[in-house]
file data_28.csv (CSV, C-alpha atoms and all ligand atoms)
chain,number,residue,atom,x,y,z
E,1,MET,CA,8.8,-24.3,-13.7
E,2,LYS,CA,11.4,-25.1,-11.0
E,3,CYS,CA,12.7,-23.3,-7.9
E,4,LYS,CA,16.0,-21.6,-8.6
E,5,VAL,CA,17.3,-22.7,-5.2
E,6,CYS,CA,16.1,-26.3,-4.6
E,7,LYS,CA,14.7,-27.3,-8.0
E,8,ALA,CA,11.3,-28.3,-6.5
E,9,LYS,CA,8.1,-27.2,-8.3
E,10,ALA,CA,7.9,-23.4,-8.3
E,11,VAL,CA,4.9,-21.5,-7.1
E,12,ALA,CA,5.9,-18.1,-8.6
E,13,ALA,CA,8.2,-16.7,-11.3
E,14,LEU,CA,9.7,-13.3,-11.0
E,15,PRO,CA,11.0,-12.0,-14.3
E,16,SER,CA,12.6,-8.9,-12.8
E,17,HIS,CA,14.8,-11.2,-10.7
E,18,ASN,CA,15.2,-13.8,-13.4
E,19,ALA,CA,14.1,-16.4,-11.0
E,20,ALA,CA,11.3,-18.8,-9.9
E,21,PHE,CA,10.8,-20.0,-6.4
E,22,CYS,CA,9.0,-22.7,-4.4
E,23,LYS,CA,7.0,-21.6,-1.3
E,24,GLU,CA,9.8,-21.8,1.1
E,25,HIS,CA,12.4,-20.1,-1.0
E,26,PHE,CA,10.0,-17.4,-2.2
E,27,ASN,CA,9.5,-16.6,1.5
E,28,SER,CA,13.2,-16.4,2.2
E,29,PHE,CA,13.7,-14.3,-0.9
E,30,PHE,CA,11.0,-11.9,0.2
E,31,MET,CA,12.2,-11.6,3.8
E,32,LYS,CA,15.7,-11.0,2.5
E,33,GLN,CA,14.5,-8.1,0.3
E,34,ILE,CA,12.8,-6.5,3.3
E,35,ALA,CA,15.7,-7.0,5.7
E,36,GLN,CA,18.3,-5.8,3.2
E,37,GLY,CA,16.2,-2.8,2.3
E,38,ILE,CA,15.8,-1.8,5.9
E,39,LYS,CA,19.5,-2.2,6.5
E,40,ARG,CA,20.9,-0.6,3.3
E,41,ARG,CA,18.7,2.6,3.5
E,42,ASN,CA,18.8,2.8,7.3
E,43,LEU,CA,15.0,2.5,7.8
E,44,LEU,CA,14.9,1.0,11.3
E,45,GLU,CA,17.1,0.5,14.3
E,46,ARG,CA,16.7,-2.7,16.5
E,47,ASP,CA,15.2,-0.7,19.3
E,48,ASP,CA,12.7,1.3,17.3
E,49,LYS,CA,9.2,1.3,18.5
E,50,VAL,CA,7.3,0.9,15.2
E,51,LEU,CA,3.7,1.9,14.6
E,52,VAL,CA,2.4,0.1,11.5
E,53,ALA,CA,-0.5,1.6,9.6
E,54,LEU,CA,-3.0,-1.2,8.9
E,55,SER,CA,-5.6,-0.5,6.3
E,56,GLY,CA,-6.7,-4.1,6.1
E,57,GLY,CA,-5.1,-4.6,2.6
E,58,LYS,CA,-2.5,-7.3,1.8
E,59,ASP,CA,0.4,-4.9,1.8
E,60,SER,CA,-0.1,-3.5,5.3
E,61,LEU,CA,-0.9,-6.8,6.9
E,62,GLY,CA,2.0,-8.5,5.1
E,63,LEU,CA,4.3,-5.7,6.3
E,64,MET,CA,3.2,-6.1,9.9
E,65,TYR,CA,3.8,-9.9,9.7
E,66,ALA,CA,7.2,-9.4,8.0
E,67,LEU,CA,8.4,-6.9,10.6
E,68,ALA,CA,7.2,-9.0,13.5
E,69,GLU,CA,9.0,-12.0,12.0
E,70,LEU,CA,12.2,-9.9,11.7
E,71,GLY,CA,11.9,-9.2,15.4
E,72,TYR,CA,10.9,-5.6,15.5
E,73,ASN,CA,8.7,-4.1,18.2
E,74,VAL,CA,5.5,-3.5,16.3
E,75,THR,CA,2.1,-2.1,17.2
E,76,GLY,CA,-0.7,-1.9,14.6
E,77,LEU,CA,-2.8,1.2,14.0
E,78,HIS,CA,-6.1,1.1,12.2
E,79,ILE,CA,-8.1,4.2,11.3
E,80,ASP,CA,-11.8,3.4,11.1
E,81,LEU,CA,-12.9,5.8,8.4
E,82,GLY,CA,-16.6,5.3,9.1
E,83,ILE,CA,-17.3,4.5,5.4
E,84,PHE,CA,-20.2,2.1,5.8
E,85,GLU,CA,-19.7,-1.6,5.0
E,86,SER,CA,-16.2,-1.2,3.6
E,87,SER,CA,-14.9,0.3,6.9
E,88,ILE,CA,-16.7,-2.3,9.0
E,89,LYS,CA,-15.1,-5.1,6.9
E,90,ALA,CA,-11.6,-3.6,6.9
E,91,ARG,CA,-11.7,-3.1,10.6
E,92,SER,CA,-12.8,-6.7,11.4
E,93,VAL,CA,-10.1,-8.1,9.1
E,94,VAL,CA,-7.5,-6.1,10.9
E,95,GLU,CA,-8.8,-6.9,14.3
E,96,ASP,CA,-9.1,-10.6,13.6
E,97,PHE,CA,-5.6,-10.7,12.1
E,98,CYS,CA,-3.9,-8.9,15.0
E,99,LYS,CA,-5.8,-11.1,17.5
E,100,SER,CA,-4.8,-14.3,15.8
E,101,LYS,CA,-1.2,-13.3,15.6
E,102,GLY,CA,-1.1,-11.7,19.1
E,103,TYR,CA,-0.1,-8.3,17.8
E,104,PRO,CA,-1.0,-5.2,19.8
E,105,LEU,CA,-3.5,-2.9,17.9
E,106,ARG,CA,-4.7,0.6,18.3
E,107,VAL,CA,-7.9,1.7,16.6
E,108,VAL,CA,-8.9,5.4,15.9
E,109,GLU,CA,-12.5,5.9,15.0
E,110,LEU,CA,-13.2,9.0,12.9
E,111,GLU,CA,-16.8,8.7,13.9
E,112,LYS,CA,-15.8,9.3,17.6
E,113,GLU,CA,-13.6,12.2,16.5
E,114,GLY,CA,-16.6,13.8,14.9
E,115,VAL,CA,-15.2,13.4,11.4
E,116,PRO,CA,-16.4,10.2,9.6
E,117,ILE,CA,-15.4,10.5,6.0
E,118,PRO,CA,-19.1,10.5,4.6
E,119,LEU,CA,-19.8,13.5,6.8
E,120,ILE,CA,-16.7,15.3,5.6
E,121,LYS,CA,-17.7,14.5,2.0
E,122,LYS,CA,-21.1,16.1,2.6
E,123,HIS,CA,-19.7,19.3,4.0
E,124,ILE,CA,-16.4,19.9,2.3
E,125,ARG,CA,-16.4,20.4,-1.5
E,126,ARG,CA,-13.1,19.1,-2.4
E,127,PRO,CA,-12.0,15.7,-3.7
E,128,ILE,CA,-12.6,13.3,-0.8
E,129,CYS,CA,-9.6,11.1,-1.3
E,130,ALA,CA,-7.2,13.9,-0.8
E,131,ILE,CA,-8.9,14.9,2.4
E,132,CYS,CA,-9.2,11.3,3.5
E,133,GLY,CA,-5.5,11.0,3.1
E,134,LYS,CA,-4.9,14.1,5.1
E,135,PHE,CA,-6.9,12.8,8.0
E,136,LYS,CA,-5.2,9.4,7.9
E,137,ARG,CA,-1.8,11.0,8.0
E,138,HIS,CA,-2.8,13.3,10.8
E,139,TYR,CA,-4.0,10.5,13.1
E,140,PHE,CA,-1.0,8.3,12.3
E,141,ASN,CA,1.3,11.1,13.3
E,142,LYS,CA,-0.7,12.0,16.3
E,143,VAL,CA,-0.8,8.5,17.7
E,144,ALA,CA,2.9,8.1,17.0
E,145,ILE,CA,3.7,11.3,18.8
E,146,GLU,CA,1.4,10.8,21.8
E,147,GLU,CA,2.3,7.2,22.4
E,148,GLY,CA,6.1,7.4,22.0
E,149,ASN,CA,6.5,5.5,18.8
E,150,THR,CA,9.8,6.2,17.1
E,151,ALA,CA,8.8,5.1,13.6
E,152,LEU,CA,5.7,5.0,11.5
E,153,ALA,CA,5.6,2.2,8.9
E,154,THR,CA,3.3,2.1,5.9
E,155,GLY,CA,2.8,-0.7,3.3
E,156,HIS,CA,3.8,1.3,0.2
E,157,ASN,CA,5.4,-1.1,-2.3
E,158,LEU,CA,7.7,-0.5,-5.2
E,159,ASP,CA,4.8,0.0,-7.6
E,160,ASP,CA,3.2,2.7,-5.3
E,161,GLU,CA,6.5,4.4,-5.0
E,162,ILE,CA,7.2,4.4,-8.7
E,163,ALA,CA,3.8,5.7,-9.6
E,164,ARG,CA,4.2,8.6,-7.1
E,165,LEU,CA,7.8,9.3,-8.1
E,166,PHE,CA,6.7,9.4,-11.8
E,167,ALA,CA,3.9,11.9,-11.0
E,168,ASN,CA,6.3,14.1,-9.0
E,169,THR,CA,8.8,13.9,-11.9
E,170,LEU,CA,6.2,14.9,-14.5
E,171,ARG,CA,5.6,18.0,-12.5
E,172,TRP,CA,9.3,18.4,-11.5
E,173,ASP,CA,8.0,18.9,-8.0
E,174,GLN,CA,11.2,20.0,-6.3
E,175,GLY,CA,9.7,19.7,-2.8
E,176,TYR,CA,8.6,16.1,-3.2
E,177,LEU,CA,11.6,15.1,-5.2
E,178,SER,CA,13.9,16.3,-2.5
E,179,ASP,CA,12.6,13.9,0.1
E,180,GLN,CA,10.4,11.1,-1.4
E,181,GLY,CA,11.9,7.8,-0.5
E,182,PRO,CA,11.7,4.8,1.9
E,183,VAL,CA,12.7,6.8,4.9
E,184,LEU,CA,11.8,10.3,6.0
E,185,PRO,CA,13.8,11.2,9.2
E,186,ALA,CA,12.2,12.3,12.4
E,187,GLU,CA,11.7,16.0,12.2
E,188,ASN,CA,9.7,18.8,13.8
E,189,GLY,CA,8.2,16.5,16.4
E,190,PHE,CA,7.1,13.9,13.9
E,191,ALA,CA,8.3,10.3,14.1
E,192,LYS,CA,10.3,9.0,11.2
E,193,LYS,CA,8.4,7.4,8.4
E,194,VAL,CA,9.4,4.2,6.7
E,195,LYS,CA,8.2,2.1,3.8
E,196,PRO,CA,9.9,-1.3,4.3
E,197,LEU,CA,8.2,-2.8,1.2
E,198,PHE,CA,9.9,-0.3,-1.1
E,199,ARG,CA,11.9,-3.0,-2.8
E,200,VAL,CA,9.1,-5.4,-3.6
E,201,THR,CA,6.4,-5.2,-6.2
E,202,GLU,CA,2.7,-5.4,-5.8
E,203,TYR,CA,2.8,-8.9,-7.3
E,204,GLU,CA,5.6,-10.1,-4.9
E,205,SER,CA,3.7,-8.6,-1.9
E,206,ALA,CA,0.5,-10.4,-3.0
E,207,ILE,CA,2.3,-13.7,-3.3
E,208,PHE,CA,3.9,-13.2,0.1
E,209,SER,CA,0.6,-12.5,1.8
E,210,PHE,CA,-1.1,-15.4,0.1
E,211,LEU,CA,1.6,-17.9,1.1
E,212,ALA,CA,1.5,-16.5,4.7
E,213,ASP,CA,-2.3,-17.1,4.8
E,214,ILE,CA,-3.0,-13.5,5.4
E,215,PRO,CA,-6.7,-12.9,4.9
E,216,TYR,CA,-7.8,-11.6,1.6
E,217,HIS,CA,-10.8,-9.4,1.5
E,218,HIS,CA,-12.1,-7.1,-1.1
E,219,LEU,CA,-14.9,-4.6,-0.3
E,220,PRO,CA,-13.7,-1.5,-2.1
E,221,CYS,CA,-14.4,1.9,-0.7
E,222,PRO,CA,-17.5,3.3,-2.5
E,223,TYR,CA,-15.6,6.5,-3.2
E,224,SER,CA,-12.8,4.8,-5.0
E,225,SER,CA,-12.7,4.9,-8.8
E,226,GLY,CA,-12.4,1.1,-8.9
E,227,ALA,CA,-10.2,1.1,-11.9
E,228,SER,CA,-7.4,-1.5,-11.8
E,229,PHE,CA,-4.4,-0.2,-13.6
E,230,THR,CA,-4.8,3.5,-13.1
E,231,GLY,CA,-2.7,6.1,-14.8
E,232,HIS,CA,1.0,5.7,-14.4
E,233,LYS,CA,0.8,2.2,-13.0
E,234,MET,CA,-0.4,1.1,-16.5
E,235,LEU,CA,2.5,2.8,-18.2
E,236,TRP,CA,5.0,1.2,-15.8
E,237,ARG,CA,3.4,-2.2,-16.2
E,238,ASP,CA,4.1,-2.1,-19.9
E,239,MET,CA,7.6,-0.7,-19.4
E,240,GLU,CA,8.5,-3.4,-17.0
E,241,LEU,CA,7.1,-6.1,-19.4
E,242,ARG,CA,9.3,-4.9,-22.2
E,243,SER,CA,12.4,-4.6,-20.0
E,244,PRO,CA,12.1,-6.4,-16.6
E,245,GLY,CA,13.9,-4.7,-13.8
E,246,THR,CA,13.2,-1.1,-15.1
E,247,LYS,CA,11.2,-0.2,-12.0
E,248,ARG,CA,13.8,-1.1,-9.5
E,249,ALA,CA,16.6,0.6,-11.5
E,250,PHE,CA,14.6,3.8,-11.9
E,251,TYR,CA,13.8,4.0,-8.2
E,252,LYS,CA,17.3,3.1,-7.1
E,253,GLY,CA,18.8,5.7,-9.5
E,254,PHE,CA,16.5,8.3,-8.1
E,255,LEU,CA,17.5,7.5,-4.5
E,256,ASP,CA,21.2,7.4,-5.3
E,257,ARG,CA,21.5,10.3,-7.8
E,258,GLY,CA,18.2,12.2,-8.3
E,259,ARG,CA,17.1,12.9,-4.7
E,260,PRO,CA,20.4,14.2,-3.4
E,261,ALA,CA,20.4,16.8,-6.2
E,262,PHE,CA,16.9,18.0,-5.4
E,263,ALA,CA,17.6,18.0,-1.7
E,264,ALA,CA,20.6,20.3,-2.2
E,265,LEU,CA,18.4,22.7,-4.1
E,266,GLU,CA,15.7,22.6,-1.5
E,267,LYS,CA,18.1,23.3,1.3
E,268,GLU,CA,18.9,26.7,-0.1
E,269,GLU,CA,15.2,27.7,-0.3
E,270,LYS,CA,13.5,26.4,2.9
E,271,ASP,CA,12.3,29.1,5.2
E,272,TYR,CA,9.3,28.3,7.3
E,273,GLU,CA,9.0,27.4,10.9
E,274,ILE,CA,7.1,24.4,12.5
E,275,ASN,CA,5.2,25.0,15.7
E,276,PRO,CA,2.5,23.2,17.6
E,277,CYS,CA,-1.1,23.9,16.2
E,278,THR,CA,-2.7,26.4,18.6
E,279,GLU,CA,-5.8,24.2,18.8
E,280,CYS,CA,-4.6,20.6,18.9
E,281,GLY,CA,-0.9,20.8,19.4
E,282,TYR,CA,-0.1,18.9,16.1
E,283,PRO,CA,3.1,20.2,14.5
E,284,THR,CA,2.3,22.7,11.7
E,285,SER,CA,3.7,25.6,9.8
E,286,ALA,CA,0.4,27.4,9.6
E,287,GLY,CA,-0.6,28.4,13.2
E,288,VAL,CA,-3.8,26.3,13.1
E,289,CYS,CA,-3.2,23.0,11.4
E,290,SER,CA,-5.1,22.0,8.2
E,291,ILE,CA,-7.1,19.4,10.1
E,292,CYS,CA,-8.4,21.9,12.7
E,293,ARG,CA,-9.2,24.3,9.8
E,294,LEU,CA,-11.1,21.6,8.0
E,295,LYS,CA,-13.0,20.7,11.2
E,296,ARG,CA,-13.9,24.4,11.6
E,297,GLN,CA,-15.1,24.6,8.0
E,298,MET,CA,-17.3,21.5,8.6
E,299,GLN,CA,-18.7,23.0,11.8
E,300,GLU,CA,-19.7,26.1,9.8
E,301,SER,CA,-21.3,24.1,7.1
E,302,MET,CA,-23.3,22.1,9.6
E,303,GLU,CA,-24.5,25.2,11.4
E,304,GLN,CA,-25.6,26.7,8.2
E,305,GLU,CA,-27.5,23.6,7.3
E,306,ALA,CA,-29.2,23.5,10.7
E,307,ALA,CA,-30.1,27.2,10.4
E,308,LYS,CA,-31.6,26.5,6.9
E,309,GLY,CA,-33.6,23.6,8.3
E,310,ALA,CA,-35.0,25.9,11.1
E,311,GLU,CA,-36.3,28.5,8.7
W,1,MET,CA,-15.6,-27.1,-18.5
W,2,VAL,CA,-13.3,-24.9,-16.5
W,3,ILE,CA,-14.8,-22.4,-14.0
W,4,VAL,CA,-12.8,-19.2,-13.4
W,5,LYS,CA,-13.6,-16.8,-10.7
W,6,ILE,CA,-12.1,-13.3,-11.1
W,7,GLU,CA,-11.4,-11.2,-8.1
W,8,PRO,CA,-11.8,-8.4,-7.0
W,9,GLU,CA,-14.7,-8.0,-9.5
W,10,GLY,CA,-16.3,-11.3,-8.2
W,11,GLN,CA,-17.2,-12.4,-11.8
W,12,THR,CA,-17.3,-16.0,-12.9
W,13,VAL,CA,-16.4,-17.0,-16.4
W,14,GLU,CA,-16.6,-20.5,-17.9
W,15,TYR,CA,-14.4,-21.9,-20.5
W,16,THR,CA,-15.1,-25.1,-22.4
W,17,LYS,CA,-11.4,-25.6,-23.2
W,18,LEU,CA,-8.2,-24.3,-21.7
W,19,ASN,CA,-4.8,-25.8,-21.8
W,20,THR,CA,-2.5,-23.7,-19.7
W,21,VAL,CA,-2.5,-20.9,-17.2
W,22,LEU,CA,-0.7,-18.7,-19.8
W,23,GLN,CA,-3.6,-19.2,-22.2
W,24,LEU,CA,-6.1,-18.2,-19.5
W,25,LEU,CA,-4.2,-15.1,-18.7
W,26,ASN,CA,-4.0,-14.2,-22.3
W,27,LYS,CA,-7.7,-14.6,-22.7
W,28,GLN,CA,-8.2,-12.2,-19.7
W,29,GLY,CA,-5.7,-9.7,-21.1
W,30,LEU,CA,-3.4,-10.2,-18.2
W,31,HIS,CA,0.3,-10.6,-17.8
W,32,HIS,CA,1.5,-13.2,-15.3
W,33,THR,CA,2.6,-10.5,-12.8
W,34,ASP,CA,-0.8,-8.9,-12.9
W,35,ALA,CA,-2.6,-11.6,-10.9
W,36,LEU,CA,-2.3,-14.6,-8.7
W,37,VAL,CA,-3.8,-17.8,-10.3
W,38,ILE,CA,-5.0,-20.2,-7.6
W,39,ARG,CA,-6.3,-23.7,-7.8
W,40,ASN,CA,-7.2,-25.7,-4.7
W,41,GLY,CA,-5.4,-23.2,-2.5
W,42,GLU,CA,-2.1,-23.5,-4.5
W,43,LEU,CA,-0.5,-20.9,-6.7
W,44,LEU,CA,0.0,-21.8,-10.4
W,45,THR,CA,2.9,-20.6,-12.6
W,46,GLN,CA,2.0,-19.8,-16.2
W,47,ASP,CA,3.3,-23.0,-17.7
W,48,GLU,CA,0.9,-25.2,-15.6
W,49,GLN,CA,-1.7,-27.3,-17.3
W,50,ILE,CA,-5.4,-26.7,-16.7
W,51,ARG,CA,-7.6,-29.7,-16.6
W,52,GLN,CA,-11.3,-30.2,-17.4
W,53,GLY,CA,-13.4,-29.6,-14.2
W,54,ASP,CA,-10.8,-27.3,-12.6
W,55,GLU,CA,-12.0,-24.4,-10.5
W,56,ILE,CA,-9.6,-21.5,-10.7
W,57,GLU,CA,-9.4,-18.2,-9.1
W,58,ILE,CA,-7.7,-15.2,-10.7
W,59,ARG,CA,-6.8,-12.6,-8.1
W,60,LYS,CA,-5.7,-9.3,-9.6
W,61,VAL,CA,-3.0,-7.8,-7.5
W,62,VAL,CA,-3.2,-4.1,-8.1
W,63,SER,CA,-4.6,-2.4,-5.0
W,64,VAL,CA,-7.3,0.2,-5.2
W,65,GLY,CA,-8.6,2.6,-2.7
U,401,LIG,S1,-10.9,5.6,-1.8
U,401,LIG,FE1,-12.0,5.8,0.1
U,401,LIG,S2,-10.6,5.2,1.7
U,401,LIG,FE2,-9.4,5.6,-0.2
U,401,LIG,S3,-8.7,7.7,0.1
U,401,LIG,FE3,-10.6,7.7,-1.1
U,401,LIG,S4,-12.2,8.0,0.4
U,401,LIG,FE4,-10.4,7.4,1.5
U,402,ZN,ZN,13.0,-24.0,-3.3
U,403,ZN,ZN,-4.7,21.3,14.9
call {"tool": "encode", "arguments": {"input": "data_28.csv", "output": "C-alpha cells", "more": "lines below"}}
Ligand code: SF4
Ligand SMILES: [Zn+2]
Ligand SMILES: [Zn+2]
result
Amino acid sequence: MKCKVCKAKAVAALPSHNAAFCKEHFNSFFMKQIAQGIKRRNLLERDDKVLVALSGGKDSLGLMYALAELGYNVTGLHIDLGIFESSIKARSVVEDFCKSKGYPLRVVELEKEGVPIPLIKKHIRRPICAICGKFKRHYFNKVAIEEGNTALATGHNLDDEIARLFANTLRWDQGYLSDQGPVLPAENGFAKKVKPLFRVTEYESAIFSFLADIPYHHLPCPYSSGASFTGHKMLWRDMELRSPGTKRAFYKGFLDRGRPAFAALEKEEKDYEINPCTECGYPTSAGVCSICRLKRQMQESMEQEAAKGAE
Amino acid sequence: MVIVKIEPEGQTVEYTKLNTVLQLLNKQGLHHTDALVIRNGELLTQDEQIRQGDEIEIRKVVSVG
C-alpha cells in the first residue's frame, strides 16, 4: 500500500478517509484533524490555560503531546486512584512521560484525600466505576478551578463519543443530548471542558501514539470488565465496516442538527441553582455536593465497622 | 514458524504458515482497524507479507477501564 500524499510505503490505511499514509503524512493528517476540530467547534483559544487529564492510556498522553505540539499552554493532571499495581503503573508511565517531554504535571492522590478507590468499594454499595468516575471528575474540576485553568481537556475519541451518544439516544436522554459534544462552555464556576480528539477514531489515536513513541502499557484496572468490544462499540464497529465514515457522519449530524433541537427543549425546562458546596466549596445544585455526601457515607460505614469490631 | 504476541491479553500464538497480515487478522477474528500489527517496531498494513521466522505483535486498540 502506498501513501496517498507521497507514494512512499504506507504504514496505515484509513478506510473512513479512503486513504493510506506513510509515517510523516499520517502525522500531518492527524494533527490537522485535531487543529481543525479545535478551530471549527471553537474548543480552545490561543491563550487558554489547559489542564489535560492524563490517565496513562494512549489517548490522554497522545492528546497532551498533540496540544503541546500545536503550541497550547498545557499542564497534565493525573489522579492516582490508589488501585494497587494498576495505579502504580499508570502513575509512573504518566510521570516518566511528562518528565521526558518537560511537561508540567500535577498529581492528586486519592489515598491522601482519604478516598482510595478500594476503600470506597468496600464501604459504598454501588457500582464502583460510576463512583470512580464521579471522583475523577470532581478532582479535575477542583484543580482546574483552584489553579486558574480555563479549560479541561480529556482524551475521549470519536469511538468513545459515539458509544456515549448512542447510549444517550437509546434512552432519549434529553439532558445529555442537549449538551453532549466536544466542548462544554465554562459555567457555574466550572472551567470549560473540551475533547480535542473527537474527530479521530480509537485506531487513529493508537497509530498516532505508536508513531510518536508514546509509551504503551497495559495493566488493566482489576475492577474493569476486561471485555474488548463492549456493548455499543461492537455494534458501531460492524456498522463502520459495512459503510466507512458512518461514525463521523452520525456524530457530525448530531452536533449540527440533533443537539440544537434538544438544547432548545432543555432551555425551557431548566430551573435549578448552582451554589458552592457548604462543605468543600465545589459548585453544586444540592447544598452539599455528592462527593462530600459519599465521604460522609463512607465515614459512617467505617465507624459502624469499628464499633462492630469493638464489641 | 511465525510467533505472534497478542496484547493486551499477553498471549502468544504460533503459526506454522502465514502469508499476509490480512490472513493473520482473519484468523484472529479482527478487522484491520481493530488492532495495530507491529514487526520490528514498524506498523504493517494488511497487504504486507509475513515471512517464516517473523515475530509479530498484535496490539488491540480498544481501550478498557
Ligand atoms: S475500571 Fe477501575 S479505573 Fe476504570 S472507572 Fe472502574 S474502578 Fe475506575
Ligand atoms: Zn507520505
Ligand atoms: Zn463538597
call {"tool": "atom_distance", "arguments": {"input": "data_28.csv", "atom1": "CA of Ala261 in chain E", "atom2": "CA of Asp179 in chain E"}}
result
10.4 Å
call {"tool": "residues_near_ligand", "arguments": {"input": "data_28.csv", "ligand": "ligand LIG 401 (chain U)", "cutoff": "12 Å", "atoms": "only C-alpha atoms and all ligand atoms", "output": "VMD selection string"}}
result
(chain E and resid 55 to 57 79 to 87 90 110 116 to 121 126 to 137 219 to 227) or (chain W and resid 63 to 65)
call {"tool": "interface_residues", "arguments": {"input": "data_28.csv", "of": "chain W", "to": "chain E", "cutoff": "12 Å", "atoms": "all atoms listed in the file", "output": "ChimeraX atom specification"}}
result
/W:6-10,30-39,41-49,59-65
call {"tool": "axis_aligned_box", "arguments": {"input": "data_28.csv", "around": "range 25-35 of chain W", "padding_each_side": "5 Å", "output": "JSON"}}
result
{"center_x": -2.8, "center_y": -12.0, "center_z": -16.8, "size_x": 20.8, "size_y": 16.2, "size_z": 21.8}
call {"tool": "residues_around", "arguments": {"input": "data_28.csv", "residues": "Val107 in chain E", "least_positions_apart": "5", "cutoff": "12 Å", "atoms": "only C-alpha atoms", "output": "VMD selection string"}}
result
chain E and resid 51 to 55 75 to 81 90 to 92 94 to 95 98 112 to 113 136 139 to 140 143
call {"tool": "closest_residue", "arguments": {"input": "data_28.csv", "among": "E:Gly62, E:His232, E:Met298, E:Gln33", "to": "Leu170 in chain E", "atoms": "all atoms listed in the file"}}
result
E:His232
call {"tool": "residues_near_ligand", "arguments": {"input": "data_28.csv", "ligand": "ligand ZN 402 (chain U)", "cutoff": "7 Å", "atoms": "all atoms listed in the file", "output": "list in words"}}
result
Cys3, Lys4, Val5, Cys6, Lys7, Ala8, Phe21, Cys22, Lys23, Glu24 and His25 of chain E
call {"tool": "closest_residue", "arguments": {"input": "data_28.csv", "among": "E:Glu268, E:Gly281, E:His123, E:Arg164", "to": "Gln304 in chain E", "atoms": "all atoms listed in the file"}}
result
E:His123
call {"tool": "residues_near_ligand", "arguments": {"input": "data_28.csv", "ligand": "ligand ZN 403 (chain U)", "cutoff": "10 Å", "atoms": "all atoms listed in the file", "output": "PyMOL selection string"}}
result
chain E and resi 138+276-284+286-295
call {"tool": "residues_near_point", "arguments": {"input": "data_28.csv", "point": "(-12.8, -28.9, -16.7)", "cutoff": "6 Å", "atoms": "all atoms listed in the file", "output": "count of residues only"}}
result
6
call {"tool": "closest_residue", "arguments": {"input": "data_28.csv", "among": "E:Pro215, E:Asp47, E:Asn188, E:Val74", "to": "Glu273 in chain E", "atoms": "all atoms listed in the file"}}
result
E:Asn188
call {"tool": "residues_around", "arguments": {"input": "data_28.csv", "residues": "Arg41 in chain E", "least_positions_apart": "3", "cutoff": "8 Å", "atoms": "all atoms listed in the file", "output": "JSON, numbers by chain"}}
result
{"E": [37, 38, 182, 183]}
call {"tool": "closest_residue", "arguments": {"input": "data_28.csv", "among": "E:Met234, E:Leu44, E:Leu165, E:Phe190", "to": "Asn275 in chain E", "atoms": "all atoms listed in the file"}}
result
E:Phe190
call {"tool": "decode", "arguments": {"input": "data_28.csv", "residues": "range 100-115 of chain E", "atoms": "N, CA and C atoms", "output": "PDB file, in the first residue's frame"}}
result
ATOM      1  N   SER E 100      10.050  13.287  30.577  1.00  0.00           N
ATOM      2  CA  SER E 100      10.876  13.195  29.367  1.00  0.00           C
ATOM      3  C   SER E 100      10.529  14.292  28.369  1.00  0.00           C
ATOM      4  N   LYS E 101       9.272  14.741  28.364  1.00  0.00           N
ATOM      5  CA  LYS E 101       8.874  15.781  27.419  1.00  0.00           C
ATOM      6  C   LYS E 101       8.981  17.180  28.024  1.00  0.00           C
ATOM      7  N   GLY E 102       9.224  17.250  29.348  1.00  0.00           N
ATOM      8  CA  GLY E 102       9.288  18.551  30.000  1.00  0.00           C
ATOM      9  C   GLY E 102       7.931  19.204  30.217  1.00  0.00           C
ATOM     10  N   TYR E 103       6.874  18.403  30.341  1.00  0.00           N
ATOM     11  CA  TYR E 103       5.540  18.962  30.588  1.00  0.00           C
ATOM     12  C   TYR E 103       5.278  19.093  32.085  1.00  0.00           C
ATOM     13  N   PRO E 104       4.679  20.206  32.517  1.00  0.00           N
ATOM     14  CA  PRO E 104       4.307  20.308  33.931  1.00  0.00           C
ATOM     15  C   PRO E 104       3.199  19.310  34.276  1.00  0.00           C
ATOM     16  N   LEU E 105       3.274  18.739  35.466  1.00  0.00           N
ATOM     17  CA  LEU E 105       2.310  17.712  35.872  1.00  0.00           C
ATOM     18  C   LEU E 105       1.876  17.910  37.322  1.00  0.00           C
ATOM     19  N   ARG E 106       0.572  17.783  37.545  1.00  0.00           N
ATOM     20  CA  ARG E 106       0.017  17.780  38.897  1.00  0.00           C
ATOM     21  C   ARG E 106      -0.515  16.379  39.168  1.00  0.00           C
ATOM     22  N   VAL E 107      -0.304  15.892  40.390  1.00  0.00           N
ATOM     23  CA  VAL E 107      -0.841  14.578  40.745  1.00  0.00           C
ATOM     24  C   VAL E 107      -1.726  14.736  41.977  1.00  0.00           C
ATOM     25  N   VAL E 108      -2.926  14.196  41.920  1.00  0.00           N
ATOM     26  CA  VAL E 108      -3.797  14.146  43.094  1.00  0.00           C
ATOM     27  C   VAL E 108      -3.859  12.697  43.553  1.00  0.00           C
ATOM     28  N   GLU E 109      -3.553  12.465  44.816  1.00  0.00           N
ATOM     29  CA  GLU E 109      -3.585  11.090  45.333  1.00  0.00           C
ATOM     30  C   GLU E 109      -4.845  10.874  46.149  1.00  0.00           C
ATOM     31  N   LEU E 110      -5.699   9.983  45.688  1.00  0.00           N
ATOM     32  CA  LEU E 110      -6.938   9.728  46.434  1.00  0.00           C
ATOM     33  C   LEU E 110      -6.640   9.134  47.817  1.00  0.00           C
ATOM     34  N   GLU E 111      -5.547   8.425  47.924  1.00  0.00           N
ATOM     35  CA  GLU E 111      -5.126   7.893  49.231  1.00  0.00           C
ATOM     36  C   GLU E 111      -4.981   9.040  50.236  1.00  0.00           C
ATOM     37  N   LYS E 112      -4.297  10.098  49.827  1.00  0.00           N
ATOM     38  CA  LYS E 112      -4.083  11.254  50.707  1.00  0.00           C
ATOM     39  C   LYS E 112      -5.378  11.987  51.009  1.00  0.00           C
ATOM     40  N   GLU E 113      -6.322  11.908  50.067  1.00  0.00           N
ATOM     41  CA  GLU E 113      -7.613  12.566  50.278  1.00  0.00           C
ATOM     42  C   GLU E 113      -8.519  11.703  51.153  1.00  0.00           C
ATOM     43  N   GLY E 114      -8.034  10.538  51.528  1.00  0.00           N
ATOM     44  CA  GLY E 114      -8.822   9.647  52.389  1.00  0.00           C
ATOM     45  C   GLY E 114      -9.828   8.798  51.616  1.00  0.00           C
ATOM     46  N   VAL E 115      -9.755   8.825  50.275  1.00  0.00           N
ATOM     47  CA  VAL E 115     -10.748   8.092  49.488  1.00  0.00           C
ATOM     48  C   VAL E 115     -10.147   7.238  48.366  1.00  0.00           C
TER      49      VAL E 115
END
